Structures are given as C-alpha cells and as structure tokens.
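J.: Starting off with a structure, shown below.
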Amino acid sequence: MKLPLRILGIGLFCVCALLYLVHLQFKPSQPSNDPHPASVSQENKQLHADHFGLKRKRGRQRNVNVKVFKMKQPDLHKDTCTFLHKKSSNATYNTLDMIKEIDYTKEVFNTLDMSNNIPGIKPKTFKNPRDKLTVIVMPFSHNDPAWLKTFNEYYEEQTKLILNNMLVKMKEYEDMRFIWSEVILLKRWWTDITAKQQNEVVRLIKSGHLEIVMGGWVVPDEATTTYFALIDQLIEGHQWLKGLGITVNNSVSMDPFGYSTTLPYILSKARIKNAVILRIHEQTKNYLQQRRSLEFIWRQQWASGQHADSDLFTHVMPYILYQISHQCGPDRSSCIFFDFRDVPGDFVQMKPVPIGPDNVEERSRMLAVQYRKKSQLYKHNVILVPLGDDFRYDHEEEWDQQYHNYKALMNHINRDPSFNIKMKFGTVNDYFEEVSKSIHVRKTGLLYKNSKNYFPTLTGDFYTYSDKNYDYWSGYFTTRPFDKALSRRLEEAVRAAEIINSLILWQCANTKQAYTPFRANYQRLQTARQKLALFQHHDAITGTSKPDVVQDLEVKLLVGLVQARQAMLSAVEWLLTGQTNSKLVYNNLKPIETALSFNVDEVMRQHANLKKFIIKKDGLQILVYNPLEQRRQDFVRVTVNVAHLSVLDHDGNNVESQVNPIWNSKFKISDDYELIFLADLPPLSVSVFKVLEGNHDNSALASIEAFGDEHSHSQTNLYANPHQNNLFDITIDNVSKHGKFALENQHIKATFSKLTGMLKSVLMKESGVMVKSELSFSSYEPAASGAYLFRPYNPKPEPLFSKNDSRGDVLAVRLIKGPLVSEVHVFPKNRMVKVHIVKICHVNGLSCSTSLGITTKVNLNIFKLEGKETVMQVTTAVQNNLQFYTDSNNFQMIRRKTFYKMHLGGNYYPMTSTMYIEDVKTRVTLLSAQSLGVASPLSGVMEVMLDRRLLADDNRGLGEGVYDNKITESSFILLFEQKKTRSYLPNKEPKFSQLSLLGHLLSASLNHPTYSFITKGNTELLKKTHSFLLKPFPCDVKLVNIRNLEHGRGSTHLGHAMIVHRLAYDCSLATPRVACSNSKGRFSPSQTFKTWVMGTFTETTLSLMHEIKSHGAKNALKLDPMELYTYLIEM
C-alpha cells in the first residue's frame, strides 16, 4: 500500500499545483502598491493641429449617536488605484528634472541674449526667400485693476483714457491691432460708453482688430489661488463676453510671478488653445532657449499618449520683461530706440527719435538684426514682438507716435527683398495663425519643413520664479496672510450660497412655486463673486499692493462676504419657514460669530468679542447648513451665557455636547461659555437643533489642567466671578519642572511637553508606530526680503521658544478635556505668537479622529518690532530625503525637492491647501485653510511661513515694505497615515502622487465649513430638517459648484452651471471607514438629487462658452479621474 499511497500523494500535489497555476492565470489583476508609475515610452512627437485651434477634440469616550458606514475596500479603490499606477505623462521635459540639471551656482542670466546662435543647433540664415521671417508687432497695455492705486483710481485716471483712445484710433488706423486682458475694467468702461460705441467695440473684436485674451475677470495670480476661484473668475469674464457674442481663443499672462500647472488645464478645458507667458526663472528660460524649446505643449502629469485634450500650446516670451526695450530682440541698447512714446512729463531713458527718410534705412537694418536674433530661439520663422507696457496708450499722441513710426519701418522693410521680412501689426491670434502656416498644417498633425523639428511637451509648473540671481519671488506666497485667509472665507461662502440658492430654484421649478428672494439673492451673489474675482488678481491676493489699496480690497472682500452670507441666510430662512410669508425676518436669523469670522472691526484693527447668545426659558434653535455633498459629523460651537445645557436634534433625541470655559485677557474664566455639540448632517442639508437650559447625561463640562506662571496656586482664583467657583474640574500644576502629558482617542495618542505645551510625538495605535512630530516656531531676519522676495540673512531661523523645554518661554499652558474634543492652549511669552491650540476629537468613526487640528494666532503688528518672517515647523523622523509634495491650486499635487545649490527662497513653494512628506512607511500631511509658503529645509521637516513683517522694499515696484500686519489666525489639520505595504516604493522617484481618500475628506471639511444660524422667538413654522439629496455623492466626485447664470447684458436667468471634479487618490495608504461610496467613473444626477427637473442638460466647456453634447435627464455620467466637467442645466 505504500507505493499507491505515495503515487496518490504525488498526484494530489500535482493537481493542487495545477489548480494554483490556473488560479494565478485567471486571478483578477490587483493594483500595484506603487502609486507612482514610471514614465511610459517616449511619445510620438507628431502633434495634432488642434493646439492652434484648427481642429478640436473633446479623551473620554461616550456612546455617541454617529452612523458610520462601512465600505468594501477593494471596491472603493480598484478603479483609482489602476489610474494612479498606470497613468503617467511621457513629456519631453519635467520642470523638476530641469531644476536638477541646472547649475544655480553660476550667475548666468540670459546668456544667449546677445548671440545669434544656439550651441549645437544650426543657425537660421534667412537667405532663401522661402525662409522669410514674419514679424507680428502686437500693441498692448497692461492694466492692473489694483496695485499702486485702487480700482477706481486706475480706471478714472488711466484705463478709461486708454480704452477711449483705442476706440477712436482703431477706427482711424485700419491696420492697427490691440489686445486686452482684464474684463473687469472692460465691463466698467462698457457702462460709460454709448450703445453705438458698444457696437463698434463688438465689431472690432469680431473682425480681429481687437482681441480679448484669456477673458477672465482678471489676470489671476497662479500660486495662491484655488481652482474654484480661478474657474469662478474665468466664468464671470467669459459669461459677460458670451452675452456680447464674443469667444476667447488665446491667453496672455505676462505679469504673474510664476505659473501653475493647473491654470493651463483650466484654460484648455475652456477651449482656449494657446497661451503666452513670460515670468519664469531666468535660468529655466535659458535652459529652454538652449534647446530651442521656448514653445511647447504644456501637458498634465497624468495625461499620456500622443496628445491629450488638456494640452495647451504655450509660447514663452524670451526676455526678462514685457517692456518695449526688452522685446524687439536681445540687445536693449538697440531696442530702446523703437519705443516712440513722447509725452510731456514722462521720465524716459532716451528721448525717442522719429523715423524719417534720413534714418529709416539705418533703423530698419538695426531692427532687422534684433528680429533675426530673436527668431533663432524658435523653431519656425515667426516672431511675436509685444509693443506696450503698464498703462500705455493713455495719451492720443502715443497711438499716433507708435503707429506712424512703426508703419514707416514696416513699409520700408516689406518693400525691400533684401530684408526677407514680412512685418505687420497683429494680435496673439494672428501670431498663432502665422505659426500654423509656417509649419505646414496637415490633418495628421503639425509638421515643420524640417521633419526633425517638433514641439516638445512639458509637465510641471514654473515655481519658484527668479528674475535675478538669488532673488526668489517666494515671499508673496505668504505676504499679508490675513487677506489670503479672508479671501478663502469669502470663497467658501460664495460656493455655499450659490449651491443652496440653485437647489431651491430646482425645487421651486418642480413644485411650480415662485422663489421670491431669488432676485435680491442673485444680486448679492453677483456682488460677492465679483469681489472675490477681483481679489484673485496677481497684485491683490499676493499681498503686493500699497497699504491704502490693500485696505480698499479688504473692504471689498468684506462687502462680498456680507452679501454671500446674506444670500445664504435668506435662502435658509425661506427654505425652513414653509415657503410662506412668515413674520420671521432675516434680522432674527443671525449667523454665529466664531473666532474665524472676519468683520469690519477686525479689518479696522479692532477686536470684536465673540457674539454671546442668551439661553432663555424656551431655549435657542440653531440651524446648521452643510454645504458639502457628503454626509458629515461636525462640531458646532456657539458662545452662550449658561454652563448647564442640553441639545436636541430634529427628532427630539439628545445630542452629545460639552461646555468649555472661555477665558478673558487676564487668564480668568469669564461668564461666557463655549457650547460644543456633535451635529450629524445629511449631505447638502439644513438641520435644526434646539438648545435648552438644564443638565442631561449627554452633556458634560470640560475638565481643566493648568500649567504656567500666569495660573495661581488656587483654583478659585481662576474664576472671574466668585459664583463660578468649582464649576469646572480644575487641576493646577505649578510644581513639575519636567514631564509630558498626552491626549488620545481610539486611533492616535499625541504627547506634549508639560512645560511648553508643544507637540512632541504621535502614536498611531493601529500600527503601533510612534511618529516623532515636534512642533515649534521660529523666525527669519530679512536681508533683502520684501513683499515679493524671500531672502533672509541666515538660512537657519531663530527659534522663538527654547529647545530645552524652559518654562520661561511660556506664560501658560492649558489642557481642556471633554468627551467630544480636547484641546491644548499655549500662550507664549514671545508676543509674535499670541496663542497656539492643538485639538483632538474623541468620537469614534469621525475622520478627525486620526488627525490633529492646529490653530495659531500670529501678531507681528507690534510697535518697534523689526522685520521678522515667522514660521511653524513640524519635525518628524520621516525619511523623505528632502522630497516633499505641495498642492497646485487645491487641484493636484506636485512633487518638490530641496536643492542646497539654490538659496532658501528658491526652495520655498506655494501651498494652497496641502503639503506632505513621506517615506516607505509613513506619510505626514499638513492640510491648510489658507494659502501660505512652505518648504522642507531638512529631511523630515515641514516648514510653513505664517506671517512677514518687512520694513524695507525689495525693489520690485511696490516702493515700500510690509508693516500693516494684522492679528492673523491660521488653521491646519495634521494627518498621520501608514502605508499598507512598507516596501511598496520603487527604486525610481515617484512621478505622480495624490492625497489619500481621508486626506481629501479632511481637506473638504476644513475648506468647506458648516454655517450655523440662530433663531429665537416664534419658531413654529420651522421644519425639522431639509436635505436636497437622495444619497451622498460618491467619495471621489466633488461638487465644485452649482452656479446661477444670467445673460451677460441683461437679467434673464439662463439656468445653472454644475461643475464636478472626479478626484484621484492614493490608495497605498490605509483608509478608515468612510460614509460614502466610490463612483467607479459613473455618476447619476437623477439618482442623487431629490429634485432633478430641467429643460435641457448639456455638457459644455468649463466656462460654458461652447456646448459639447446633450445628455438625457436620466443618463449616468462617465467621469475620468482628475477631470473637471461642466454641465448647463436649463429649467
């Protein structure tokens, strides 16, 4: 029996082996652990003609009533993982790789300016008539709506004159051309001219004499703006132009101080075909010059293949400035002769000499030399020569001087075959049309006469900008952070108000009911969005304007914020009063004032107290609006006059709550209290909660531990009034010299220094990994820093607190512990940091339970304070090898790396909302509620600049420093995540990375807060709750906005623009339970919205300029990861 058994055993083994092999053969492919795929093979460089517009494709735990929805992890991640692992751009150039190659230790700028030839590239000779050079002379006037003057001052004193002259002279000179960018100024002028003049303007545009470029409300900054604000200001401009029958094909952006990779994507999705840019690092510009690559296809990092719908053909102006003396060619000493403006009172370097019979030949030859030298930098025989500067053509004489002198040069050059040049006035569109002719447009693509020459492709962005050696324009990433944060609060409110008003209109269309507040609310929304749009300008949100202009902009932002909140408040009131004429007026419905609120008093540097609500016998009703498309559990905070309270939800159930003390300026507990309760909020909903006086088991008073010299040994001395004695459980420790304390929940344990209150480490309980995370504050001393530049004396900042945990650095440390949330409050003696707060939540299942909330108030408005640039540092043991990631406009993540060959300013980058560092085991993410500058100066370190006080100018045009600082609060979330597989990273550096799903959800909660309103008195008409959705949006589908639309010229309501964004996320990180599902690329509005009634449902380009295709009302939408989609909904 032994032999048969042995044979049987061998047979069973073979069968099992065979089954295992079959299993491997047919097993569904699992996503790789590597979220950063290597580049795919080199692209076929034959590119389609649509780049030129000739063709276009498309503490204490309690049982809290929180519903936590479990997900099947494979279903949640498979689609996105496949995308992140397989999609990668195969571009010719990546800007980070270019930085690696460039030697920044050499002081070499514009090395090719004075030479004809590029090393290794055969120079053009222009001897053959077929190689004739085409020169497009492009008159323009760069008009800032705010910088050294306010909007009204610029318009009245200069812009109005420019546009008036343009209208006259363009009729007089038929072959003259002109371009214009800022729609906000054009629209303002439009209201001042007659209907006949308006018609003439439209004629000039449609005939190609006048071109509107980019067409946004403003030419925005691209470093500190979010993609929501970029899109919103673009729609504001494009919709007004569309009302005039005008479309936009090209973009010109000469003045922003660097360029993001997200705006090219936005422009391409708006069907803008070509772009002109200028301000990129001069060493980077030289790098591209040496490869004759100043024109390229700007491609997104996730795009792949021969071409992509989001590609944008981009022309880089080759010289440092857009002034006339910098643009005719490399030799400024020659180009300066060809600025013919001669206006009395002007300061000029050289008085212009008009062109006449005696000098036309000499000057023509001089100019032709410069044109030929400039053409050496491009692969075709067409050059663009801008003819203008800031606020040029404000005098009639200049129009005449520039036109007649250039016309004389053109006539002479064009008549003489020996020049072999065709020279004419033209627009940007004329330039790109000539380029397309020059390179033999074919149906199969764009080819040059020399088949070896093709346009390269490029991915990445152009930060950080430098115009001179070691002068990096990274200071403005943070300059005037108060206003950057104020802009974000307005942005949040505009989105929330737009969405609720749109959804009520949908509901009314279904019930055939009139939404009576809409007309007033639309005007409020329009005011709010236009104030927001103005502030996105590249001298507004950057903080680089004069102080009086800044104050004017702050007032405009505040007006917008008031209007947006009023439109939101009016909608909430109308929604919850049964849509009847209630006696409940909006004045009885007051928004809660929180520490994050901005008001006139704050703008005027006065400090308003938190608004306190008096709890009477019948209680207080709180209405909470959730503007997110996801279900959320959020903490609502309100200041009240009593400490013993209970909170009921809309069904009468008791809601978990806690009461915290509020401290006065003398470190005493005041008569006011902070009520915190946990609100379970359906997506896109308004919920009602009731606050009653009296104790309940689900309500608790916080306990307090106090440290520091400002707290006395007696507990009773902590109360402002004796009747409060023993209200809170207080422990005072003035004895311990060393030691630590901890805050913890089910997921993390955060340890702090007992003496300084500073965070030291975080234990991730599920993995057992202890993450060093020391939080500290420091400051740089400015050397040549200014509003634009960051250039400190020493690359190592000076700590504001002692590294030896010395109590002498801290006035007080308070630990406030409760069942919902616990907080550490630190009051440093250094007055530059007023208060620093770290929060941890204790509710199981909430996304915040795996992260820490951080709030810091900085005050650099201190008398006699010298220049300081204050930073917060998080020091970890993460082995990131100086590599880190920052977001681009809150839309995508960009890989960065610190290079010691560059000065510190060059290693600072803009963070709109996110920064993270990671190694093979851990990722530490910092999410931000405001735009700031960041760096990773050492391995494992994240550095965030919080504020800057600068007493000197940096010689970039502002003419003064920045010393109008305000007390500024910055809010962050610090997230700790573990990798699923510790060895997943490949040997190559990753090329494409994104936030985790949890990171996206936390960022959304931080940047889209709930809005709370109070109502007192008769509330019988109030409904319990109202939700606009049948179910939440999928986790990976973001509702960017539902925007109300009106005709550009009139008041006819055109419908709504629904903009959605399918997110991509990194699934190599452990994902907690989440209350939403994954779309898998399909999203059905009719199965998501409760009211889905419309006349038509049409997919359009991003700014609604062009229709793409119609959809059936019941159709599910196919959404690709990372892509934005706009739909026009007409009722």
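Naming scheme: A, B, ... for chains in displayed order of the structure tokens; residues 1 onward per chain; ligands 1 onward as shown.
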Do a neighbour search on A:His1056 at 7 Å with only C-alpha atoms, toss out local chain neighbours closer than 6 positions, and write the hits as an MDAnalysis selection string.
T.: chainID A and resid 1042:1045 1128:1130
J.: Write out as a PyMOL selection string which residues come within 8 Å of A:Leu904 when counting only C-alpha atoms, dropping same-chain ones fewer than 2 positions away.
T.: chain A and resi 791+795+900+902+906-908+937
J.: Produce a table with one row for each residue of stretch 655-773 of chain A that has an atom at most 12 Å from any atom of stretch 642-646 of chain A, each row naming the nearest atom pair and its distance in Å at one decimal; use only C-alpha atoms; arrange rows by chain and rising residue number; format as a Markdown table.
T.:
| residue | atom | partner | partner_atom | distance |
| --- | --- | --- | --- | --- |
| A:Val655 | CA | A:Ser646 | CA | 7.6 |
| A:Glu656 | CA | A:Ser646 | CA | 8.4 |
| A:Ser657 | CA | A:Ser646 | CA | 7.3 |
| A:Gln658 | CA | A:Leu645 | CA | 8.6 |
| A:Val659 | CA | A:Ala643 | CA | 6.3 |
| A:Asn660 | CA | A:Ala643 | CA | 8.3 |
| A:Pro661 | CA | A:Ala643 | CA | 8.5 |
| A:Ile662 | CA | A:Ala643 | CA | 10.8 |
| A:Ile669 | CA | A:Ala643 | CA | 11.9 |
| A:Ser670 | CA | A:Val642 | CA | 11.1 |
| A:Asp671 | CA | A:Val642 | CA | 8.0 |
| A:Asp672 | CA | A:Val642 | CA | 7.1 |
| A:Tyr673 | CA | A:Ala643 | CA | 6.2 |
| A:Glu674 | CA | A:Ala643 | CA | 8.3 |
| A:Leu675 | CA | A:Ala643 | CA | 8.0 |
| A:Ile676 | CA | A:Leu645 | CA | 10.4 |
| A:Phe677 | CA | A:Ser646 | CA | 9.3 |
| A:Leu678 | CA | A:Ser646 | CA | 11.9 |
| A:Phe689 | CA | A:Ser646 | CA | 10.4 |
| A:Lys690 | CA | A:Ser646 | CA | 8.3 |
| A:Val691 | CA | A:Ser646 | CA | 5.8 |
| A:Leu692 | CA | A:Ser646 | CA | 5.3 |
| A:Glu693 | CA | A:Leu645 | CA | 4.5 |
| A:Gly694 | CA | A:Leu645 | CA | 4.7 |
| A:Asn695 | CA | A:His644 | CA | 5.2 |
| A:His696 | CA | A:Ser646 | CA | 5.7 |
| A:Asp697 | CA | A:Ser646 | CA | 8.6 |
| A:Asn698 | CA | A:Ser646 | CA | 7.5 |
| A:Ser699 | CA | A:Ser646 | CA | 6.0 |
| A:Ala700 | CA | A:His644 | CA | 8.2 |
| A:Leu701 | CA | A:Ala643 | CA | 7.6 |
| A:Ala702 | CA | A:Ala643 | CA | 10.3 |
| A:Gln724 | CA | A:Ala643 | CA | 9.9 |
| A:Leu727 | CA | A:Ala643 | CA | 8.5 |
| A:Phe728 | CA | A:Ala643 | CA | 9.6 |
J.: Save out the residues we just selected, C-alpha atoms, as a short mmCIF file (atom, residue, chain, number, x, y, z; two decimals), in the first residue's frame.
T.:
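Output (part-v5.cif):
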data_model
loop_
_atom_site.label_atom_id
_atom_site.label_comp_id
_atom_site.auth_asym_id
_atom_site.auth_seq_id
_atom_site.Cartn_x
_atom_site.Cartn_y
_atom_site.Cartn_z
CA VAL A 655 -27.17 65.09 21.24
CA GLU A 656 -23.74 64.65 22.80
CA SER A 657 -22.36 68.02 23.90
CA GLN A 658 -19.73 69.57 26.10
CA VAL A 659 -19.23 73.01 27.61
CA ASN A 660 -15.79 74.65 27.66
CA PRO A 661 -14.73 77.72 29.63
CA ILE A 662 -13.95 80.96 27.82
CA ILE A 669 -12.64 82.06 33.34
CA SER A 670 -15.29 84.52 32.16
CA ASP A 671 -19.08 84.48 32.48
CA ASP A 672 -19.33 83.17 28.92
CA TYR A 673 -19.09 79.54 27.87
CA GLU A 674 -18.47 77.65 24.68
CA LEU A 675 -21.10 75.04 23.85
CA ILE A 676 -19.85 72.29 21.54
CA PHE A 677 -22.21 69.65 20.18
CA LEU A 678 -21.90 66.94 17.56
CA PHE A 689 -31.13 71.69 16.73
CA LYS A 690 -32.56 73.03 19.97
CA VAL A 691 -30.53 74.18 22.98
CA LEU A 692 -32.24 74.11 26.38
CA GLU A 693 -31.01 75.13 29.79
CA GLY A 694 -30.51 72.23 32.18
CA ASN A 695 -28.29 69.20 32.62
CA HIS A 696 -28.52 65.96 30.70
CA ASP A 697 -26.48 62.76 30.72
CA ASN A 698 -25.22 63.52 27.20
CA SER A 699 -23.90 66.92 28.23
CA ALA A 700 -20.69 67.39 30.17
CA LEU A 701 -18.48 70.14 31.48
CA ALA A 702 -14.89 70.02 30.34
CA GLN A 724 -18.45 80.27 39.37
CA LEU A 727 -17.94 74.87 38.25
CA PHE A 728 -15.22 73.07 36.30
#
J.: Show which residues sit within 12 Å of stretch 366-369 of chain A, as a PyMOL selection string. Count only C-alpha atoms, and ignore same-chain residues fewer than 2 positions away.
T.: chain A and resi 114-116+125-126+132-135+325+327-339+359-364+371-376+383+385+406+409-410+412-414+416+418-423
J.: At a cut-off of 6 Å, using only C-alpha atoms, what residues contact stretch 825-834 of chain A? Leave out same-chain residues fewer than 5 positions from it and give the result as a PyMOL selection string.
T.: chain A and resi 757+809-814+857-860
J.: Keeping only N, CA, C and O atoms, write the selected residues to a file as a PDB file, in the first residue's frame.
T.:
ATOM      1  N   GLY A 757       3.981  72.964  26.360  1.00  0.00           N
ATOM      2  CA  GLY A 757       2.733  72.654  25.670  1.00  0.00           C
ATOM      3  C   GLY A 757       2.919  72.270  24.221  1.00  0.00           C
ATOM      4  O   GLY A 757       1.935  72.039  23.512  1.00  0.00           O
ATOM      5  N   ASP A 809       9.741  80.402  28.662  1.00  0.00           N
ATOM      6  CA  ASP A 809       9.274  80.831  27.349  1.00  0.00           C
ATOM      7  C   ASP A 809       7.754  80.901  27.249  1.00  0.00           C
ATOM      8  O   ASP A 809       7.225  81.395  26.266  1.00  0.00           O
ATOM      9  N   VAL A 810       7.040  80.370  28.235  1.00  0.00           N
ATOM     10  CA  VAL A 810       5.595  80.224  28.136  1.00  0.00           C
ATOM     11  C   VAL A 810       4.916  80.876  29.322  1.00  0.00           C
ATOM     12  O   VAL A 810       5.310  80.674  30.476  1.00  0.00           O
ATOM     13  N   LEU A 811       3.876  81.676  29.039  1.00  0.00           N
ATOM     14  CA  LEU A 811       3.072  82.257  30.105  1.00  0.00           C
ATOM     15  C   LEU A 811       2.168  81.219  30.744  1.00  0.00           C
ATOM     16  O   LEU A 811       2.044  81.146  31.961  1.00  0.00           O
ATOM     17  N   ALA A 812       1.507  80.426  29.892  1.00  0.00           N
ATOM     18  CA  ALA A 812       0.542  79.472  30.424  1.00  0.00           C
ATOM     19  C   ALA A 812       0.314  78.357  29.425  1.00  0.00           C
ATOM     20  O   ALA A 812       0.388  78.561  28.216  1.00  0.00           O
ATOM     21  N   VAL A 813       0.012  77.176  29.945  1.00  0.00           N
ATOM     22  CA  VAL A 813      -0.412  76.026  29.156  1.00  0.00           C
ATOM     23  C   VAL A 813      -1.697  75.516  29.781  1.00  0.00           C
ATOM     24  O   VAL A 813      -1.757  75.296  30.997  1.00  0.00           O
ATOM     25  N   ARG A 814      -2.717  75.333  28.960  1.00  0.00           N
ATOM     26  CA  ARG A 814      -3.992  74.828  29.470  1.00  0.00           C
ATOM     27  C   ARG A 814      -4.394  73.591  28.685  1.00  0.00           C
ATOM     28  O   ARG A 814      -4.344  73.593  27.441  1.00  0.00           O
ATOM     29  N   LYS A 857      -2.513  81.846  16.274  1.00  0.00           N
ATOM     30  CA  LYS A 857      -2.692  83.283  16.053  1.00  0.00           C
ATOM     31  C   LYS A 857      -1.335  83.956  16.135  1.00  0.00           C
ATOM     32  O   LYS A 857      -0.617  83.831  17.138  1.00  0.00           O
ATOM     33  N   VAL A 858      -0.994  84.678  15.072  1.00  0.00           N
ATOM     34  CA  VAL A 858       0.287  85.372  14.998  1.00  0.00           C
ATOM     35  C   VAL A 858       0.038  86.875  14.975  1.00  0.00           C
ATOM     36  O   VAL A 858      -0.871  87.351  14.278  1.00  0.00           O
ATOM     37  N   ASN A 859       0.837  87.605  15.727  1.00  0.00           N
ATOM     38  CA  ASN A 859       0.715  89.062  15.768  1.00  0.00           C
ATOM     39  C   ASN A 859       2.077  89.693  15.530  1.00  0.00           C
ATOM     40  O   ASN A 859       2.929  89.723  16.411  1.00  0.00           O
ATOM     41  N   LEU A 860       2.283  90.191  14.323  1.00  0.00           N
ATOM     42  CA  LEU A 860       3.517  90.908  14.010  1.00  0.00           C
ATOM     43  C   LEU A 860       3.286  92.416  13.987  1.00  0.00           C
ATOM     44  O   LEU A 860       4.191  93.173  13.619  1.00  0.00           O
TER      45      LEU A 860
END
J.: When DSSP is applied to the backbone of this structure, which of stretch 483-684 of chain A are assigned alpha helix (DSSP H)? Write them out as a PyMOL selection string.
T.: chain A and resi 483-511+518-535+547-576+600-603
J.: Would you give me, as a list in words, the residues in stretch 178-333 of chain A that DSSP reads as strand (DSSP E or B)?
T.: Phe178, Ile179, Trp180, Leu210, Glu211, Ile212, Pro220, Asn250, Ser251, Val252, Ser253, Tyr259, Asn274, Ala275, Val276, Ile277, Glu295, Phe296, Ile297, Trp298, Leu312, Phe313, Thr314, His315 and Val316 of chain A
J.: Can you list, as a list of chain:residue names, every protein, DNA or RNA residue that comes within 6 Å of stretch 252-263 of chain A when you count only C-alpha atoms, leaving out same-chain residues fewer than 3 positions away?
T.: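 Answer for this query is A:Val213, A:Asp221, A:Glu222, A:Ile266, A:Ala275, A:Val276, A:Ile277, A:Leu278, A:Arg279, A:Ile280, A:Gly460, A:Asp461, A:Phe462, A:Tyr463, A:Tyr465, A:His538.
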J.: Could you state the separation of atom CA of A:Thr856 and atom CA of A:His836 in Å, given to one decimal place?
T.: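 About the pair atom CA of A:Thr856 and atom CA of A:His836: they are 4.5 Å apart.
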J.: With a distance cut-off of 12 Å and only C-alpha atoms, select the neighbouring residues of A:Asp390, excluding the residue or stretch itself and same-chain residues fewer than 5 positions from it, and output the selection as a VMD selection string.
T.: chain A and resid 139 to 145 147 to 148 154 158 to 159 162 254 to 255 321 to 324 957
J.: Which one is closest to A:Ala935: A:Gly961, A:Pro1121, A:Gly905, A:Gly867? Count only C-alpha atoms.
T.: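 So, comparing all the options, the nearest one is A:Gly905.
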